[in-house]
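> Supplied structure: query13.cif, mmCIF, C-alpha atoms.
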```cif
data_protein
#
loop_
_atom_site.label_atom_id
_atom_site.label_comp_id
_atom_site.auth_asym_id
_atom_site.auth_seq_id
_atom_site.Cartn_x
_atom_site.Cartn_y
_atom_site.Cartn_z
CA MET A 1104 158.72 100.21 105.87
CA THR A 1105 156.07 100.66 103.21
CA PRO A 1106 157.34 100.19 99.66
CA VAL A 1107 157.50 103.58 97.91
CA ARG A 1108 155.42 102.32 95.03
CA VAL A 1109 152.55 101.42 97.40
CA SER A 1110 152.72 104.91 98.92
CA VAL A 1111 152.63 106.58 95.51
CA ILE A 1112 149.72 104.50 94.25
CA GLY A 1113 147.88 104.96 97.53
CA ALA A 1114 148.32 108.73 97.34
CA MET A 1115 147.21 108.86 93.70
CA ALA A 1116 144.13 106.79 94.40
CA SER A 1117 143.19 108.97 97.37
CA VAL A 1118 143.62 112.17 95.36
CA LEU A 1119 141.53 110.67 92.56
CA LEU A 1120 138.79 109.78 95.04
CA VAL A 1121 138.75 113.33 96.44
CA LEU A 1122 138.66 114.84 92.95
CA VAL A 1123 135.84 112.58 91.76
CA VAL A 1124 133.78 113.37 94.85
CA LEU A 1125 134.36 117.13 94.43
CA GLU A 1126 133.37 116.91 90.78
CA LEU A 1127 130.17 115.05 91.67
CA VAL A 1128 129.31 117.73 94.22
CA ARG A 1129 130.11 120.48 91.73
CA GLY A 1130 127.81 118.87 89.17
CA ARG A 1131 125.07 118.58 91.84
CA ARG A 1132 125.03 114.81 91.48
CA LEU A 1133 126.09 114.33 95.10
CA LYS A 1134 124.91 116.36 98.07
CA GLU A 1135 127.55 117.89 100.34
CA ARG A 1136 126.00 116.02 103.22
CA TYR A 1137 126.74 112.65 101.62
CA ALA A 1138 130.13 113.75 100.26
CA LEU A 1139 131.67 114.46 103.65
CA LEU A 1140 132.34 110.87 104.65
CA TRP A 1141 133.86 110.14 101.24
CA LEU A 1142 136.09 113.20 101.46
CA ALA A 1143 137.19 112.17 104.94
CA THR A 1144 138.01 108.72 103.55
CA GLY A 1145 140.12 110.24 100.79
CA VAL A 1146 141.96 112.63 103.08
CA VAL A 1147 142.76 110.04 105.74
CA LEU A 1148 144.02 107.57 103.14
CA LEU A 1149 146.08 110.32 101.51
CA VAL A 1150 147.69 111.27 104.80
CA LEU A 1151 148.48 107.64 105.64
CA SER A 1152 149.95 107.09 102.18
CA VAL A 1153 152.18 110.14 102.16
CA TRP A 1154 153.19 110.14 105.80
CA ARG A 1155 155.19 106.91 105.62
CA GLY A 1156 156.73 107.19 109.06
CA GLY A 1157 153.32 107.69 110.62
CA LEU A 1158 151.91 104.61 108.94
CA ASN A 1159 154.87 102.65 110.24
CA THR A 1160 154.32 103.87 113.79
CA ILE A 1161 150.61 103.10 113.71
CA ALA A 1162 151.33 99.66 112.29
CA GLY A 1163 153.71 99.16 115.21
CA TRP A 1164 151.01 100.08 117.73
CA LEU A 1165 148.63 97.64 116.12
CA GLY A 1166 151.19 94.85 116.09
CA VAL A 1167 151.43 94.79 112.31
CA THR A 1168 155.17 94.23 111.91
CA SER A 1169 155.69 92.51 108.59
CA TYR A 1170 153.75 94.70 106.19
CA PRO A 1171 152.64 98.23 107.24
CA PRO A 1172 150.43 98.87 104.15
CA ALA A 1173 148.03 96.33 105.61
CA VAL A 1174 147.02 99.15 107.94
CA LEU A 1175 146.20 101.24 104.89
CA PHE A 1176 143.82 98.51 103.65
CA ALA A 1177 142.31 98.11 107.09
CA VAL A 1178 141.62 101.83 107.39
CA ALA A 1179 140.15 101.92 103.88
CA THR A 1180 137.88 98.98 104.74
CA LEU A 1181 136.78 100.64 107.96
CA PHE A 1182 135.82 103.82 106.16
CA ILE A 1183 133.93 101.93 103.46
CA LEU A 1184 131.98 100.15 106.21
CA LEU A 1185 131.20 103.52 107.81
CA VAL A 1186 129.95 104.93 104.52
CA LEU A 1187 127.76 101.87 103.89
CA LEU A 1188 126.32 101.93 107.38
CA HIS A 1189 125.60 105.61 106.98
CA TYR A 1190 123.77 104.92 103.73
CA SER A 1191 121.76 102.17 105.37
CA THR A 1192 120.47 104.67 107.91
CA VAL A 1193 119.74 107.13 105.11
CA ILE A 1194 117.79 104.49 103.19
CA SER A 1195 115.82 103.55 106.31
CA LYS A 1196 114.86 107.16 106.88
CA LEU A 1197 113.85 107.56 103.24
CA THR A 1198 111.75 104.40 103.46
CA ASP A 1199 109.89 105.73 106.49
CA GLU A 1200 109.32 109.09 104.86
CA ASN A 1201 108.18 107.39 101.68
CA VAL A 1202 105.62 105.29 103.53
CA ASP A 1203 104.41 108.35 105.41
CA LEU A 1204 103.93 110.25 102.15
CA ALA A 1205 102.10 107.34 100.52
CA GLN A 1206 99.77 107.17 103.51
CA ARG A 1207 99.13 110.90 103.43
CA ILE A 1208 98.36 110.78 99.71
CA ALA A 1209 95.86 107.96 100.23
CA LEU A 1210 94.19 109.86 103.10
CA LEU A 1211 94.10 113.17 101.25
CA GLU A 1212 92.77 111.66 98.02
CA GLU A 1213 89.94 110.05 99.91
CA ARG A 1214 89.18 113.33 101.66
CA VAL A 1215 89.23 115.27 98.39
CA SER A 1216 86.90 112.85 96.66
CA ARG A 1217 84.56 112.92 99.64
CA MET A 1218 84.46 116.72 99.60
CA ARG A 1219 83.86 116.68 95.85
CA THR A 1220 80.91 114.36 96.19
CA ARG A 1221 79.51 116.53 98.95
CA ALA A 1222 79.94 119.66 96.82
CA ASP A 1223 78.13 118.12 93.83
CA MET B 297 74.91 109.12 119.60
CA GLY B 298 76.52 105.72 119.91
CA LYS B 299 80.13 104.87 119.45
CA ARG B 300 81.52 105.31 115.98
CA LEU B 301 83.00 102.11 114.66
CA VAL B 302 85.29 101.49 111.76
CA ALA B 303 86.46 98.26 110.16
CA ILE B 304 90.01 98.49 108.85
CA VAL B 305 90.54 96.08 105.97
CA PRO B 306 93.93 95.98 104.24
CA ALA B 307 93.72 94.47 100.77
CA TRP B 308 96.18 93.68 98.04
CA ASN B 309 94.87 92.03 94.88
CA GLU B 310 91.79 90.70 96.63
CA SER B 311 89.27 91.45 93.88
CA ARG B 312 87.73 87.99 94.19
CA ALA B 313 87.06 88.23 97.92
CA ILE B 314 86.84 91.89 98.85
CA GLY B 315 83.25 92.51 97.70
CA GLU B 316 81.95 89.73 99.87
CA VAL B 317 84.07 90.83 102.83
CA VAL B 318 82.65 94.37 102.67
CA ASP B 319 79.08 93.12 102.21
CA GLU B 320 79.39 90.73 105.11
CA ILE B 321 80.51 93.43 107.52
CA ARG B 322 77.85 95.88 106.38
CA ASP B 323 75.10 93.27 106.44
CA HIS B 324 76.14 92.30 109.89
CA ASP B 325 76.22 95.80 111.36
CA SER B 326 75.24 98.74 109.22
CA THR B 327 76.68 101.24 111.71
CA ILE B 328 80.24 100.12 111.01
CA ASP B 329 82.09 102.16 108.41
CA VAL B 330 84.21 99.86 106.30
CA VAL B 331 87.57 101.25 105.22
CA VAL B 332 89.47 99.24 102.65
CA ILE B 333 93.11 100.15 102.22
CA ASP B 334 94.13 99.20 98.71
CA ASP B 335 97.87 98.58 98.78
CA ALA B 336 98.39 99.43 95.12
CA SER B 337 96.62 96.35 93.76
CA THR B 338 97.09 95.57 90.11
CA ASP B 339 93.52 94.29 89.87
CA ASP B 340 90.27 96.14 90.54
CA THR B 341 90.18 95.59 94.30
CA ALA B 342 89.64 99.30 94.98
CA GLU B 343 86.77 99.70 92.49
CA ILE B 344 84.98 96.61 93.75
CA ALA B 345 85.34 97.66 97.38
CA GLU B 346 83.97 101.10 96.53
CA LEU B 347 81.08 99.59 94.59
CA HIS B 348 80.14 97.59 97.66
CA GLY B 349 80.03 100.73 99.77
CA ALA B 350 83.44 100.82 101.42
CA ILE B 351 85.50 103.92 101.96
CA VAL B 352 88.63 103.21 99.94
CA LEU B 353 92.09 104.54 100.72
CA ARG B 354 94.30 104.06 97.68
CA LEU B 355 98.00 103.83 98.34
CA PRO B 356 100.01 105.15 95.39
CA PHE B 357 102.44 102.22 95.53
CA ASN B 358 102.76 99.01 97.49
CA ILE B 359 103.99 99.68 101.02
CA GLY B 360 103.23 96.32 102.62
CA ILE B 361 100.63 95.14 105.09
CA GLY B 362 101.92 97.06 108.12
CA GLY B 363 101.95 100.40 106.34
CA ALA B 364 98.54 99.67 104.84
CA VAL B 365 96.99 98.88 108.21
CA GLN B 366 98.56 101.99 109.70
CA THR B 367 96.89 104.06 107.00
CA GLY B 368 93.60 102.73 108.36
CA PHE B 369 94.56 103.72 111.90
CA ARG B 370 95.49 107.21 110.75
CA PHE B 371 92.11 107.50 109.05
CA ALA B 372 90.36 106.30 112.19
CA ARG B 373 92.31 108.76 114.32
CA ASP B 374 91.77 111.73 112.01
CA GLU B 375 88.06 111.04 111.58
CA GLY B 376 87.48 110.61 115.30
CA TYR B 377 86.37 106.99 115.49
CA ASP B 378 85.94 105.52 118.96
CA ALA B 379 86.77 101.94 118.11
CA ALA B 380 88.17 99.90 115.27
CA VAL B 381 88.25 96.31 114.11
CA ARG B 382 90.99 95.18 111.80
CA LEU B 383 90.34 92.19 109.59
CA ASP B 384 91.88 90.70 106.50
CA GLY B 385 90.63 91.37 103.01
CA ASP B 386 90.61 87.72 101.98
CA GLY B 387 87.55 86.62 103.92
CA GLN B 388 89.36 84.68 106.66
CA HIS B 389 87.70 86.64 109.42
CA PRO B 390 83.93 86.19 109.72
CA ALA B 391 82.00 89.38 110.44
CA SER B 392 79.78 87.39 112.80
CA GLU B 393 82.72 87.27 115.23
CA ILE B 394 83.12 91.06 115.36
CA PRO B 395 80.76 91.60 118.33
CA LYS B 396 82.82 89.15 120.41
CA LEU B 397 85.93 91.17 119.66
CA LEU B 398 84.31 94.51 120.34
CA ALA B 399 82.62 93.50 123.58
CA PRO B 400 85.63 94.12 125.87
CA VAL B 401 86.32 97.45 124.14
CA GLU B 402 82.72 98.58 124.51
CA ALA B 403 82.70 97.54 128.14
CA GLY B 404 85.78 99.72 128.63
CA GLU B 405 87.78 96.73 129.79
CA ALA B 406 90.41 96.59 127.08
CA ASP B 407 92.26 98.83 124.65
CA LEU B 408 93.18 95.99 122.36
CA VAL B 409 91.38 92.69 121.85
CA ILE B 410 93.13 89.91 119.99
CA GLY B 411 90.95 87.45 118.18
CA SER B 412 92.81 84.30 119.05
CA ARG B 413 92.33 80.83 117.67
CA PHE B 414 93.94 79.23 120.68
CA VAL B 415 92.36 80.60 123.86
CA ASP B 416 89.96 77.70 124.00
CA PRO B 417 91.85 74.38 123.86
CA ALA B 418 88.78 72.88 122.22
CA GLY B 419 89.09 75.32 119.31
CA THR B 420 88.89 73.68 115.92
CA TYR B 421 91.81 75.45 114.24
CA ARG B 422 94.78 73.15 113.75
CA PRO B 423 97.47 74.82 111.65
CA PRO B 424 100.22 72.80 109.99
CA PHE B 425 102.91 71.64 112.39
CA ALA B 426 105.63 74.15 111.46
CA ARG B 427 103.25 77.07 111.65
CA ARG B 428 101.84 75.89 114.96
CA ILE B 429 105.33 75.80 116.44
CA GLY B 430 106.07 79.26 115.06
CA ILE B 431 102.86 80.74 116.43
CA ARG B 432 103.53 79.16 119.82
CA VAL B 433 107.14 80.36 120.00
CA PHE B 434 106.19 83.93 119.14
CA ALA B 435 103.33 83.88 121.63
CA ARG B 436 105.67 82.65 124.38
CA LEU B 437 108.25 85.29 123.53
CA VAL B 438 105.75 88.14 123.47
CA SER B 439 104.20 86.90 126.72
CA LEU B 440 107.64 86.83 128.31
CA LEU B 441 108.79 90.22 127.03
CA GLY B 442 105.43 91.93 127.43
CA GLY B 443 104.61 90.52 130.85
CA GLN B 444 101.21 89.15 129.94
CA HIS B 445 100.08 85.78 128.63
CA VAL B 446 98.94 85.88 125.02
CA THR B 447 98.23 82.91 122.80
CA ASP B 448 98.01 84.21 119.25
CA THR B 449 100.27 87.06 118.25
CA THR B 450 100.00 86.43 114.53
CA SER B 451 96.28 87.03 114.37
CA GLY B 452 95.10 89.72 111.99
CA PHE B 453 91.65 89.86 113.59
CA VAL B 454 91.92 92.49 116.31
CA ALA B 455 89.79 95.23 117.89
CA PHE B 456 91.00 98.55 119.29
CA ASP B 457 89.60 101.37 121.35
CA ARG B 458 90.59 105.01 120.91
CA ALA B 459 93.88 104.54 122.80
CA GLY B 460 94.78 101.61 120.55
CA ILE B 461 93.88 103.59 117.44
CA GLU B 462 96.06 106.49 118.53
CA LEU B 463 99.01 104.31 119.46
CA PHE B 464 99.05 102.49 116.14
CA ALA B 465 98.29 105.57 114.05
CA ALA B 466 101.51 107.03 115.45
CA GLU B 467 103.55 103.87 115.41
CA PHE B 468 102.86 100.62 113.64
CA PRO B 469 105.58 98.17 112.64
CA HIS B 470 106.04 97.50 108.94
CA ASP B 471 106.80 94.16 107.33
CA TYR B 472 105.01 91.32 109.15
CA PRO B 473 103.71 93.63 111.88
CA GLU B 474 101.32 91.60 114.05
CA VAL B 475 103.73 90.01 116.49
CA GLU B 476 105.68 93.17 117.16
CA ALA B 477 102.52 95.27 117.39
CA THR B 478 101.27 93.07 120.21
CA LEU B 479 104.49 93.64 122.14
CA VAL B 480 104.45 97.38 121.46
CA ALA B 481 100.90 97.52 122.81
CA LEU B 482 101.87 95.65 125.97
CA ARG B 483 104.96 97.76 126.55
CA SER B 484 103.00 100.97 125.99
CA GLY B 485 100.70 99.91 128.78
CA LEU B 486 97.61 99.18 126.71
CA ARG B 487 95.18 96.79 128.31
CA VAL B 488 95.35 93.75 126.07
CA THR B 489 92.91 90.90 126.21
CA GLN B 490 92.10 87.98 123.95
CA VAL B 491 88.93 86.23 122.96
CA GLN B 492 88.41 82.94 121.17
CA VAL B 493 87.26 83.42 117.58
CA GLU B 494 86.64 81.11 114.70
CA MET B 495 88.36 81.80 111.43
CA ARG B 496 87.63 80.41 108.02
CA GLU B 497 90.01 78.76 105.66
CA ARG B 498 90.93 81.40 103.16
CA THR B 499 88.74 81.23 100.08
CA THR B 500 91.16 82.88 97.67
CA GLY B 501 94.82 83.68 97.53
CA SER B 502 97.42 82.14 99.76
CA SER B 503 99.15 83.10 102.98
CA SER B 504 101.66 85.85 102.47
CA ILE B 505 104.09 83.63 104.32
CA THR B 506 105.55 81.15 101.87
CA PHE B 507 108.30 78.65 102.64
CA VAL B 508 110.88 80.88 101.02
CA ARG B 509 109.90 83.85 103.10
CA SER B 510 109.42 82.05 106.37
CA LEU B 511 113.08 82.24 107.31
CA TYR B 512 113.14 85.99 106.70
CA TYR B 513 109.89 86.22 108.63
CA ILE B 514 111.27 84.43 111.67
CA VAL B 515 114.55 86.34 111.74
CA LYS B 516 112.90 89.70 111.13
CA VAL B 517 110.27 89.19 113.82
CA MET B 518 112.88 87.99 116.31
CA LEU B 519 115.01 91.06 115.65
CA SER B 520 111.96 93.35 115.95
CA LEU B 521 111.01 91.76 119.25
CA LEU B 522 114.53 92.09 120.60
CA VAL B 523 114.77 95.73 119.57
CA ALA B 524 111.25 96.52 120.74
CA SER B 525 112.05 95.16 124.17
CA LEU B 526 115.14 97.36 124.36
CA ARG B 527 113.25 100.49 123.30
CA ARG B 528 111.36 102.69 125.68
CA TYR B 529 107.72 103.35 124.93
CA PRO B 530 105.87 106.24 126.50
CA ARG B 531 103.17 104.97 128.84
CA LEU B 532 99.85 106.02 127.42
CA GLN B 533 97.41 108.15 129.32
CA GLY B 534 94.63 106.17 130.83
CA ALA B 535 96.49 102.95 130.19
CA ARG B 536 97.01 100.35 132.85
CA GLN B 537 99.62 101.26 135.45
#
```
What's the structure tokens form of this structure?

Amino acid sequence: MTPVRVSVIGAMASVLLVLVVLELVRGRRLKERYALLWLATGVVLLVLSVWRGGLNTIAGWLGVTSYPPAVLFAVATLFILLVLLHYSTVISKLTDENVDLAQRIALLEERVSRMRTRAD
Amino acid sequence: MGKRLVAIVPAWNESRAIGEVVDEIRDHDSTIDVVVIDDASTDDTAEIAELHGAIVLRLPFNIGIGGAVQTGFRFARDEGYDAAVRLDGDGQHPASEIPKLLAPVEAGEADLVIGSRFVDPAGTYRPPFARRIGIRVFARLVSLLGGQHVTDTTSGFVAFDRAGIELFAAEFPHDYPEVEATLVALRSGLRVTQVQVEMRERTTGSSSITFVRSLYYIVKVMLSLLVASLRRYPRLQGARQ
């Protein structure tokens, strides 16, 4: 069974994560779209921390017999990987859009200066 | 009215060479419009190119060679050019070789013509050993994946017809683009051919591929080729069946 202290600390950390994310969204420093995965992370970790029997059962399924909180760490790691992968796709999209904008600016500037010269 | 031709010249901090490059093209064939894409140089590359009569596209920040070249293709597409030649801004590619490259395009025989240093075994270009191996490996890979024998996929001296211009205006790989672009062209059904050209030793600057970067280069290109061969590309209209 998971030590009670681990459950308490796990629950507190999850609640803190959820609160920080909500505060960032409230202050418009984080878009809802990018907050969702973080909130899911917090909620899942909270549930697994509080629901001690459930964590035990899942650990049993996974063959983790000696120390059930290891599942907690594994789930946390998995979610962090998901968030990072998600951000990598976001960055890639931003890069593409950035390049597209730079190209458009270069093309438009040239067109504007050509039209100016023609108008003079 | 004849065909409208454009020379696409990407340049980054090439102030020492770019004037001569532009002059050489214009002296050689005054009907070619020269478009220099200045990839946010910190020197006066753009001003010099303009002074020598080039149309200059100024990128607001550095986006790398692939993005710069694509800007040229977008220009060519939007302005309705019939054919394009892409050459480097450092003077490696002699303007006197342009007609050789354009010949298959003008004859309607090819959509993309690669200026290769290795078609003719008697060619004089002998790159350093490591680079020669690299060039050969990439050429083999692209030939295998693209279903057509090519000898020089790293060449930056290439001619395109309207279909080529449109393909690469819409989609051009970034970050060391040449190898992948060749494969994309083949997989999109463009008619690709290669002609033997001479190239000069660069007069200024150095290859963008340093020892430090070569590992990244190899891995990145390999990944691009792998992914490009897994992707589906729409067959272009009028392309080879």
> Mind telling me what the PyMOL selection byres ((chain A) within 12 of (chain B)) catches here, as a PDB file with C-alpha atoms, in the coordinates of the input?

```pdb
ATOM      1  CA  SER A1195     115.820 103.550 106.310  1.00  0.00           C
ATOM      2  CA  THR A1198     111.750 104.400 103.460  1.00  0.00           C
ATOM      3  CA  ASP A1199     109.890 105.730 106.490  1.00  0.00           C
ATOM      4  CA  GLU A1200     109.320 109.090 104.860  1.00  0.00           C
ATOM      5  CA  ASN A1201     108.180 107.390 101.680  1.00  0.00           C
ATOM      6  CA  VAL A1202     105.620 105.290 103.530  1.00  0.00           C
ATOM      7  CA  ASP A1203     104.410 108.350 105.410  1.00  0.00           C
ATOM      8  CA  LEU A1204     103.930 110.250 102.150  1.00  0.00           C
ATOM      9  CA  ALA A1205     102.100 107.340 100.520  1.00  0.00           C
ATOM     10  CA  GLN A1206      99.770 107.170 103.510  1.00  0.00           C
ATOM     11  CA  ARG A1207      99.130 110.900 103.430  1.00  0.00           C
ATOM     12  CA  ILE A1208      98.360 110.780  99.710  1.00  0.00           C
ATOM     13  CA  ALA A1209      95.860 107.960 100.230  1.00  0.00           C
ATOM     14  CA  LEU A1210      94.190 109.860 103.100  1.00  0.00           C
ATOM     15  CA  LEU A1211      94.100 113.170 101.250  1.00  0.00           C
ATOM     16  CA  GLU A1212      92.770 111.660  98.020  1.00  0.00           C
ATOM     17  CA  GLU A1213      89.940 110.050  99.910  1.00  0.00           C
ATOM     18  CA  ARG A1214      89.180 113.330 101.660  1.00  0.00           C
ATOM     19  CA  VAL A1215      89.230 115.270  98.390  1.00  0.00           C
ATOM     20  CA  SER A1216      86.900 112.850  96.660  1.00  0.00           C
ATOM     21  CA  ARG A1217      84.560 112.920  99.640  1.00  0.00           C
TER      22      ARG A1217
END
```
> Since I can't run it myself right now, could you work out what the PyMOL selection byres ((chain B and resi 398) around 8) selects here and report it as an NGL selection string?
:B and (381 or 394-397 or 399-402 or 409 or 455-456)
> Which residues, named as in the file, does the PyMOL selection byres ((chain B and resi 375) around 12) pick out? Answer as a ChimeraX atom specification.
/A:1210,1213-1214 /B:300-302,329,331,368-374,376-380,458,461-462,465
> Hey, can you check how far CA of Leu383 (chain B) sits from CA of Val454 (chain B)?
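CA of Leu383 (chain B) sits 6.9 Å away from CA of Val454 (chain B).
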> Excluding region 1173-1190 of chain A and residues on its chain fewer than 5 positions from it, collect all residues at most 7 Å away from it, counting all atoms listed in the file, and give them as a short mmCIF file (atom, residue, chain, number, x, y, z; two decimals) with C-alpha atoms, in the frame of the given file.

```
data_model
loop_
_atom_site.label_atom_id
_atom_site.label_comp_id
_atom_site.auth_asym_id
_atom_site.auth_seq_id
_atom_site.Cartn_x
_atom_site.Cartn_y
_atom_site.Cartn_z
CA LEU A 1140 132.34 110.87 104.65
CA THR A 1144 138.01 108.72 103.55
CA LEU A 1148 144.02 107.57 103.14
CA LEU A 1151 148.48 107.64 105.64
CA ALA A 1162 151.33 99.66 112.29
#
```
> Just give me the gap between CA of Leu511 (chain B) and CA of His389 (chain B) in Å, one decimal is fine.
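That distance, rounded to one decimal, is 25.8 Å.
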> Calculated over only C-alpha atoms, which of the candidates B:Ser510, B:Gln444, B:Gln490, B:Ser484 has the smallest distance to Asp416 (chain B)?
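Comparing B:Ser510, B:Gln444, B:Gln490, B:Ser484 against Asp416 (chain B), the winner is B:Gln490.
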> Name the residues, using the chain letters and numbers of the file, that sit within 12 Å of (135.5, 113.1, 94.7) when counting all atoms listed in the file, and give them as a VMD selection string.
chain A and resid 1116 to 1130 1132 to 1135 1137 to 1146
